[in-house]
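Listing of input35.txt; format and content: compact mmCIF, C-alpha atoms.
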# COMPACT_ATOMS: atom_id res chain seq x y z
CA MET A 1 0.00 0.00 0.00
CA ALA A 2 2.83 2.37 0.87
CA ILE A 3 4.59 1.45 -2.37
CA GLY A 4 1.49 2.21 -4.39
CA THR A 5 0.90 5.55 -2.71
CA LEU A 6 4.53 6.64 -3.03
CA ALA A 7 4.72 5.55 -6.64
CA GLY A 8 1.49 7.35 -7.46
CA LEU A 9 2.65 10.58 -5.84
CA PHE A 10 6.00 10.41 -7.59
CA SER A 11 4.44 9.68 -10.96
CA GLY A 12 1.76 12.34 -10.66
CA LEU A 13 4.17 14.99 -9.43
CA PHE A 14 6.93 14.48 -11.98
CA GLY A 15 5.17 13.08 -15.03
CA VAL A 16 7.25 9.92 -15.03
CA GLY A 17 6.13 6.34 -14.65
CA GLY A 18 7.23 5.71 -11.11
CA GLY A 19 9.31 2.65 -11.86
CA SER A 20 12.34 4.11 -10.15
CA VAL A 21 10.30 4.04 -6.95
CA ILE A 22 8.38 0.81 -7.49
CA VAL A 23 11.19 -1.50 -8.57
CA PRO A 24 13.58 -0.97 -5.66
CA LEU A 25 10.73 -1.16 -3.15
CA LEU A 26 9.39 -4.40 -4.62
CA VAL A 27 12.90 -5.82 -4.38
CA LEU A 28 13.63 -4.52 -0.88
CA TRP A 29 10.27 -4.88 0.82
CA LEU A 30 8.59 -7.75 -0.98
CA GLY A 31 11.62 -9.81 -1.95
CA TYR A 32 11.06 -9.64 -5.70
CA ASP A 33 13.87 -10.43 -8.10
CA GLU A 34 14.72 -7.60 -10.52
CA ARG A 35 13.03 -9.20 -13.48
CA SER A 36 9.67 -9.77 -11.80
CA ALA A 37 9.90 -6.36 -10.17
CA THR A 38 10.48 -4.68 -13.53
CA ALA A 39 7.69 -6.62 -15.21
CA THR A 40 5.17 -6.07 -12.41
CA SER A 41 6.13 -2.42 -12.16
CA LEU A 42 5.46 -1.96 -15.88
CA ALA A 43 2.00 -3.44 -15.60
CA ALA A 44 1.21 -1.21 -12.61
CA ILE A 45 2.55 1.82 -14.49
CA VAL A 46 -0.03 1.35 -17.24
CA PHE A 47 -2.69 2.09 -14.60
CA ILE A 48 -0.72 4.75 -12.73
CA ALA A 49 0.38 6.77 -15.76
CA GLY A 50 -3.00 6.31 -17.42
CA PHE A 51 -4.85 7.58 -14.38
CA ALA A 52 -2.38 10.41 -13.73
CA ALA A 53 -2.64 11.44 -17.39
CA ALA A 54 -6.44 11.43 -17.15
CA THR A 55 -6.27 13.57 -14.02
CA GLN A 56 -3.90 15.99 -15.74
CA GLY A 57 -6.39 16.00 -18.59
CA LEU A 58 -8.98 17.45 -16.20
CA TYR A 59 -6.59 20.34 -15.61
CA GLY A 60 -6.34 20.77 -19.37
CA ASN A 61 -2.60 20.08 -19.39
CA VAL A 62 -2.38 17.07 -21.71
CA ASN A 63 -1.36 17.65 -25.29
CA VAL A 64 -2.79 14.45 -26.80
CA SER A 65 -1.29 14.76 -30.27
CA ASP A 66 2.22 15.36 -28.91
CA ALA A 67 1.78 12.42 -26.52
CA LEU A 68 0.91 10.11 -29.39
CA LEU A 69 3.68 11.51 -31.58
CA ILE A 70 6.11 10.68 -28.79
CA GLY A 71 4.62 7.51 -27.37
CA VAL A 72 4.19 5.55 -30.58
CA PRO A 73 7.72 6.11 -31.98
CA ALA A 74 9.03 5.46 -28.47
CA VAL A 75 7.63 1.94 -28.59
CA ALA A 76 9.62 1.33 -31.78
CA GLY A 77 12.66 3.05 -30.29
CA VAL A 78 12.71 1.00 -27.14
CA LEU A 79 12.41 -2.26 -29.07
CA LEU A 80 15.35 -1.15 -31.22
CA GLY A 81 17.33 -0.03 -28.18
CA ALA A 82 16.73 -3.31 -26.38
CA ARG A 83 18.02 -5.15 -29.45
CA LEU A 84 21.06 -2.93 -29.85
CA GLN A 85 21.88 -3.38 -26.19
CA GLN A 86 22.89 -6.95 -26.94
CA ARG A 87 25.59 -5.72 -29.34
CA LEU A 88 26.88 -2.47 -27.95
CA HIS A 89 29.03 -1.54 -25.04
CA THR A 90 26.54 0.34 -22.98
CA ARG A 91 28.93 1.65 -20.37
CA ALA A 92 30.29 4.55 -22.38
CA ILE A 93 26.80 5.33 -23.64
CA ALA A 94 25.51 5.40 -20.07
CA LEU A 95 28.24 7.81 -18.96
CA LEU A 96 27.73 10.01 -22.00
CA PHE A 97 24.01 10.05 -21.41
CA ALA A 98 24.50 10.94 -17.75
CA VAL A 99 26.42 14.01 -18.94
CA VAL A 100 23.64 14.84 -21.42
CA LEU A 101 21.08 14.57 -18.61
CA VAL A 102 22.99 16.95 -16.37
CA ALA A 103 23.47 19.38 -19.27
CA SER A 104 19.75 19.18 -20.05
CA ALA A 105 18.92 19.81 -16.40
CA VAL A 106 21.06 22.95 -16.52
CA GLU A 107 19.43 24.00 -19.79
CA LEU A 108 16.00 23.38 -18.26
CA VAL A 109 16.71 25.58 -15.27
CA THR A 110 18.50 28.38 -17.08
CA GLN A 111 16.49 28.76 -20.25
CA MET B 1 5.57 17.22 -35.28
CA ILE B 2 8.95 15.97 -36.46
CA GLY B 3 10.37 17.20 -33.16
CA ALA B 4 7.93 15.10 -31.14
CA ILE B 5 8.61 11.98 -33.22
CA ALA B 6 12.36 12.52 -32.80
CA ILE B 7 11.99 12.89 -29.03
CA GLY B 8 9.95 9.69 -28.85
CA LEU B 9 12.30 7.69 -31.02
CA ALA B 10 15.48 8.96 -29.38
CA GLY B 11 14.01 8.57 -25.91
CA GLY B 12 12.91 5.06 -26.76
CA VAL B 13 16.30 3.99 -28.07
CA ILE B 14 18.14 5.39 -25.05
CA ALA B 15 15.65 3.82 -22.69
CA GLY B 16 15.98 0.48 -24.45
CA LEU B 17 19.75 0.70 -24.26
CA LEU B 18 20.16 1.96 -20.75
CA GLY B 19 16.99 1.24 -18.85
CA VAL B 20 16.48 4.82 -17.80
CA GLY B 21 13.17 6.54 -17.59
CA GLY B 22 11.16 7.75 -20.52
CA GLY B 23 9.59 10.49 -18.50
CA VAL B 24 13.01 11.79 -17.56
CA LEU B 25 13.66 12.18 -21.30
CA PHE B 26 10.22 13.16 -22.56
CA VAL B 27 9.66 15.99 -20.11
CA PRO B 28 12.84 17.98 -20.83
CA GLY B 29 12.49 17.17 -24.54
CA LEU B 30 9.02 18.66 -24.59
CA VAL B 31 10.15 21.74 -22.66
CA ILE B 32 13.39 22.40 -24.52
CA PHE B 33 12.47 21.42 -28.08
CA LEU B 34 8.72 21.87 -28.25
CA SER B 35 8.51 24.79 -25.81
CA LEU B 36 5.78 23.25 -23.69
CA ASN B 37 5.59 24.60 -20.16
CA GLN B 38 6.59 22.28 -17.31
CA HIS B 39 3.02 21.35 -16.38
CA HIS B 40 1.99 20.53 -19.93
CA ALA B 41 5.22 18.61 -20.55
CA GLU B 42 4.69 16.41 -17.49
CA ALA B 43 1.06 15.74 -18.32
CA THR B 44 1.88 14.90 -21.93
CA SER B 45 4.76 12.66 -20.87
CA LEU B 46 2.39 10.66 -18.67
CA LEU B 47 0.13 9.87 -21.60
CA ALA B 48 3.10 9.04 -23.85
CA ILE B 49 4.33 6.52 -21.27
CA VAL B 50 1.11 4.47 -21.36
CA PRO B 51 1.60 2.70 -24.72
CA VAL B 52 5.24 1.98 -23.94
CA ALA B 53 4.47 0.49 -20.53
CA ALA B 54 1.60 -1.50 -22.04
CA VAL B 55 3.83 -3.06 -24.70
CA GLY B 56 6.56 -3.75 -22.16
CA ALA B 57 4.14 -5.33 -19.70
CA TYR B 58 2.61 -7.46 -22.45
CA ARG B 59 6.01 -8.74 -23.50
CA HIS B 60 7.03 -9.55 -19.95
CA ASP B 61 3.68 -11.16 -19.24
CA ARG B 62 4.24 -13.63 -22.05
CA TYR B 63 7.33 -14.79 -20.19
CA GLY B 64 5.35 -15.05 -17.00
CA ASN B 65 7.27 -12.30 -15.24
CA VAL B 66 4.29 -10.17 -14.29
CA GLN B 67 2.76 -10.86 -10.88
CA ARG B 68 -0.68 -9.90 -12.10
CA ALA B 69 -2.45 -9.71 -8.76
CA ASP B 70 0.27 -7.51 -7.26
CA ALA B 71 0.34 -5.31 -10.36
CA LEU B 72 -3.40 -4.75 -10.16
CA LEU B 73 -3.19 -4.10 -6.43
CA LEU B 74 -0.28 -1.69 -6.85
CA GLY B 75 -2.02 0.03 -9.73
CA SER B 76 -5.24 0.55 -7.83
CA LEU B 77 -3.55 1.55 -4.59
CA SER B 78 -1.52 4.16 -6.40
CA LEU B 79 -4.49 6.00 -7.83
CA ALA B 80 -5.01 8.20 -4.78
CA GLY B 81 -1.29 8.96 -4.73
CA ALA B 82 -1.33 9.78 -8.42
CA ALA B 83 -4.26 12.14 -7.99
CA GLY B 84 -2.44 13.74 -5.05
CA GLY B 85 0.78 14.06 -7.05
CA VAL B 86 -1.04 15.66 -9.97
CA GLY B 87 -2.83 18.02 -7.61
CA LEU B 88 0.46 18.93 -5.95
CA ALA B 89 2.17 19.47 -9.32
CA ASN B 90 -0.61 21.80 -10.36
CA ALA B 91 -0.44 23.66 -7.07
CA LEU B 92 3.28 24.37 -7.54
CA SER B 93 4.59 27.11 -9.79
CA GLY B 94 6.09 26.07 -13.10
CA ALA B 95 9.50 27.34 -12.02
CA LEU B 96 9.55 25.32 -8.80
CA LEU B 97 8.30 22.20 -10.54
CA ARG B 98 10.95 22.66 -13.22
CA ASP B 99 13.72 23.01 -10.66
CA ALA B 100 12.53 19.90 -8.83
CA PHE B 101 12.48 18.00 -12.10
CA ALA B 102 16.00 19.17 -12.92
CA ALA B 103 17.10 17.80 -9.54
CA LEU B 104 15.45 14.49 -10.40
CA MET B 105 17.40 14.41 -13.68
CA VAL B 106 20.69 14.94 -11.85
CA ILE B 107 19.83 12.10 -9.46
CA VAL B 108 19.04 9.79 -12.39
CA ALA B 109 22.33 10.82 -14.03
CA ALA B 110 24.21 10.01 -10.84
CA GLN B 111 22.51 6.61 -10.60
CA LEU B 112 23.41 5.86 -14.21
CA ALA B 113 27.02 6.90 -13.76
CA TYR B 114 27.32 4.89 -10.55
CA ARG B 115 25.89 1.81 -12.21
CA ALA B 116 28.12 2.19 -15.27
CA LEU B 117 31.28 2.65 -13.24
CA ARG B 118 30.50 -0.19 -10.89
CA GLN B 119 30.06 -2.79 -13.59
CA PRO B 120 33.00 -4.64 -15.13
CA SER B 121 34.46 -2.97 -18.17
CA LYS B 122 32.85 -5.31 -20.69
CA SER B 123 29.24 -4.39 -20.42
CA SER B 124 27.93 -6.22 -23.44
CA VAL B 125 28.44 -9.45 -25.29
CA GLY B 126 27.64 -10.45 -28.84
CA PRO B 127 25.16 -13.26 -28.97
CA ARG B 128 21.71 -13.10 -27.54
CA HIS B 129 21.34 -15.29 -24.55
CA GLU B 130 18.93 -16.17 -21.84
CA HIS B 131 19.45 -12.94 -19.99
CA ALA B 132 18.04 -11.05 -22.92
CA ILE B 133 14.58 -10.70 -21.48
CA ALA B 134 15.84 -9.98 -18.02
CA GLN B 135 17.74 -7.10 -19.47
CA ASP B 136 15.04 -6.03 -21.79
CA PRO B 137 14.69 -2.59 -20.37
CA LEU B 138 11.33 -1.72 -21.80
CA GLY B 139 10.62 -0.88 -18.22
CA GLY B 140 13.22 1.76 -18.51
CA LEU B 141 10.98 4.00 -20.42
CA CYS B 142 8.84 4.39 -17.40
CA GLY B 143 11.34 5.84 -15.03
CA ASN B 144 12.78 2.61 -13.92
CA THR B 145 16.39 3.40 -13.30
CA ALA B 146 17.00 0.44 -11.06
CA ALA B 147 15.88 -2.33 -13.30
CA ALA B 148 18.62 -2.91 -15.77
CA PRO B 149 20.88 -5.40 -14.08
CA ASP B 150 24.23 -5.65 -15.74
CA LYS B 151 24.28 -9.37 -16.00
CA ASP B 152 26.14 -9.22 -19.27
CA GLY B 153 29.24 -8.23 -17.44
CA LEU B 154 29.38 -11.64 -15.85
CA ASP B 155 29.50 -13.57 -19.08
Any chance you could give the structure as structure tokens?
Amino acid sequence: MAIGTLAGLFSGLFGVGGGSVIVPLLVLWLGYDERSATATSLAAIVFIAGFAAATQGLYGNVNVSDALLIGVPAVAGVLLGARLQQRLHTRAIALLFAVVLVASAVELVTQ
Amino acid sequence: MIGAIAIGLAGGVIAGLLGVGGGVLFVPGLVIFLSLNQHHAEATSLLAIVPVAAVGAYRHDRYGNVQRADALLLGSLSLAGAAGGVGLANALSGALLRDAFAALMVIVAAQLAYRALRQPSKSSVGPRHEHAIAQDPLGGLCGNTAAAPDKDGLD
């Protein structure tokens, strides 16, 4: 119950899925292995993000066409990324991306 | 329109590769490249996450990884929290929400860097193997920074 509430708050507040809250808590508190935790978290996120998006819709904040334009290609992208992951060295990519994230955070705050 | 497609595709590929969150990519992408305000970007990101999580959950479910009862329970228990989070987000100013989100991005970056530096230098191997689905970081698109175990490094 605590996991659900925390995940919901996190997701609703930040516009993310909440997996970064759900997965570790399922592992730590309920003894899940990573794989089941990831899978179960994903299924829960469908409800969480769907409901949070609907609530945001009531505030008039959801841009449906942009969401579809992002969400549909993202499905293709993530399938491609998961496939590429088997062939590439992800370590350098992860470090590079961490730098990009920090730079984007700075850009976000200063723009 | 092209911008949104590019954000989705790029975000998807990175998420698939690294298992980091989609929201953590979509939100700044929408703000920086499509000039949405922070509230609209977060709301739009939430809707964009749904199809990705649905496809990921479906794929995992076929392998029997989804604890359906727990997922349903978690999903329903989180609804009040989600409503509260959305209410809170809308009560905050755009600037404050943006700064908080930037802090979240830095935390995710730190997690990623920590994970990358901790794993053995060879992070990937050629052939597909049984860990493929365990690593399948479809979950990553949904903010799941903790779910991409680096099992490859052991092979």
Determine the axis-aligned bounding box of all atoms of region 96-107 of chain B present in the file, pad each side by 8 Å, and express its centre and edge lengths in Å to one decimal place as lines of an AutoDock Vina configuration file.
center_x = 14.5
center_y = 18.7
center_z = -11.2
size_x = 28.4
size_y = 29.2
size_z = 20.9
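You can rank B:Ser93, B:Leu18, B:His39, B:Ala53 by their closest distance to Leu95 (chain A) using all atoms listed in the file, and at the top of that list sits B:Leu18.
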_Need the shell around Ser11 (chain A): protein/DNA/RNA residues with any atom at most 9 Å away, counting only C-alpha atoms. Skip same-chain ones fewer than 5 positions apart. Format as a ChimeraX atom specification?_
/A:6,16-19,45,48-49,52 /B:46,81-82,85-86,143
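Nearest to chain A of all the residues B:Leu73, B:Ala95, B:Leu117, B:Ala48 is B:Ala48, based on all atoms listed in the file.
With distances restricted to only C-alpha atoms, B:Gly23 is the closest residue to chain A from B:Gly3, B:Gly23, B:Gly94, B:Gly87.
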*With all atoms listed in the file as the basis for distance, which of A:Phe97, A:Phe10, A:Phe47, A:Tyr59 is at the shortest distance from Ala54 (chain B)?*
A:Phe47
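Computed from the coordinates, the CA of Arg62 (chain B) to CA of Phe26 (chain B) distance equals 27.5 Å.
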All residues 12 Å or closer to Leu25 (chain A), only C-alpha atoms, same chain fewer than 4 positions away omitted, as a compact mmCIF listing (two decimals) with C-alpha atoms, keeping the file's coordinate frame:
# COMPACT_ATOMS: atom_id res chain seq x y z
CA MET A 1 0.00 0.00 0.00
CA ALA A 2 2.83 2.37 0.87
CA ILE A 3 4.59 1.45 -2.37
CA GLY A 4 1.49 2.21 -4.39
CA THR A 5 0.90 5.55 -2.71
CA LEU A 6 4.53 6.64 -3.03
CA ALA A 7 4.72 5.55 -6.64
CA GLY A 18 7.23 5.71 -11.11
CA GLY A 19 9.31 2.65 -11.86
CA SER A 20 12.34 4.11 -10.15
CA VAL A 21 10.30 4.04 -6.95
CA TRP A 29 10.27 -4.88 0.82
CA LEU A 30 8.59 -7.75 -0.98
CA GLY A 31 11.62 -9.81 -1.95
CA TYR A 32 11.06 -9.64 -5.70
CA ASP A 33 13.87 -10.43 -8.10
CA GLU A 34 14.72 -7.60 -10.52
CA ALA A 37 9.90 -6.36 -10.17
CA THR A 38 10.48 -4.68 -13.53
CA THR A 40 5.17 -6.07 -12.41
CA SER A 41 6.13 -2.42 -12.16
CA LEU B 74 -0.28 -1.69 -6.85
CA ASN B 144 12.78 2.61 -13.92
CA ALA B 146 17.00 0.44 -11.06
CA ALA B 147 15.88 -2.33 -13.30
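In this comparison, which uses only C-alpha atoms, the residue of A:Ser104, A:Ser36, A:Asn61, A:Gln56 approaching Leu104 (chain B) most closely is A:Ser104.
Neighbours of Leu112 (chain B) closer than or equal to 8 Å, with only C-alpha atoms counted and sequence neighbours fewer than 5 positions away skipped, come out as Ala94, Leu95 and Ala98 of chain A; Val20 and Thr145 of chain B.
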May I have the selected residues written with C-alpha atoms, as a compact mmCIF listing (two decimals), in the coordinates of the input?
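As written to disk, result_12.txt reads:
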# COMPACT_ATOMS: atom_id res chain seq x y z
CA ALA A 94 25.51 5.40 -20.07
CA LEU A 95 28.24 7.81 -18.96
CA ALA A 98 24.50 10.94 -17.75
CA VAL B 20 16.48 4.82 -17.80
CA THR B 145 16.39 3.40 -13.30
*Interatomic distance (Å, one decimal) between CA of Arg115 (chain B) and CA of Ser78 (chain B)*: 28.1 Å
*Could you check which of A:Leu88, A:Val27, A:Leu13, A:Leu79 is closest to Leu96 (chain B), using only C-alpha atoms?*
A:Leu13
*What does the distance from CA of Phe33 (chain B) to CA of Val78 (chain A) come to in Å, to one decimal?*
20.4 Å
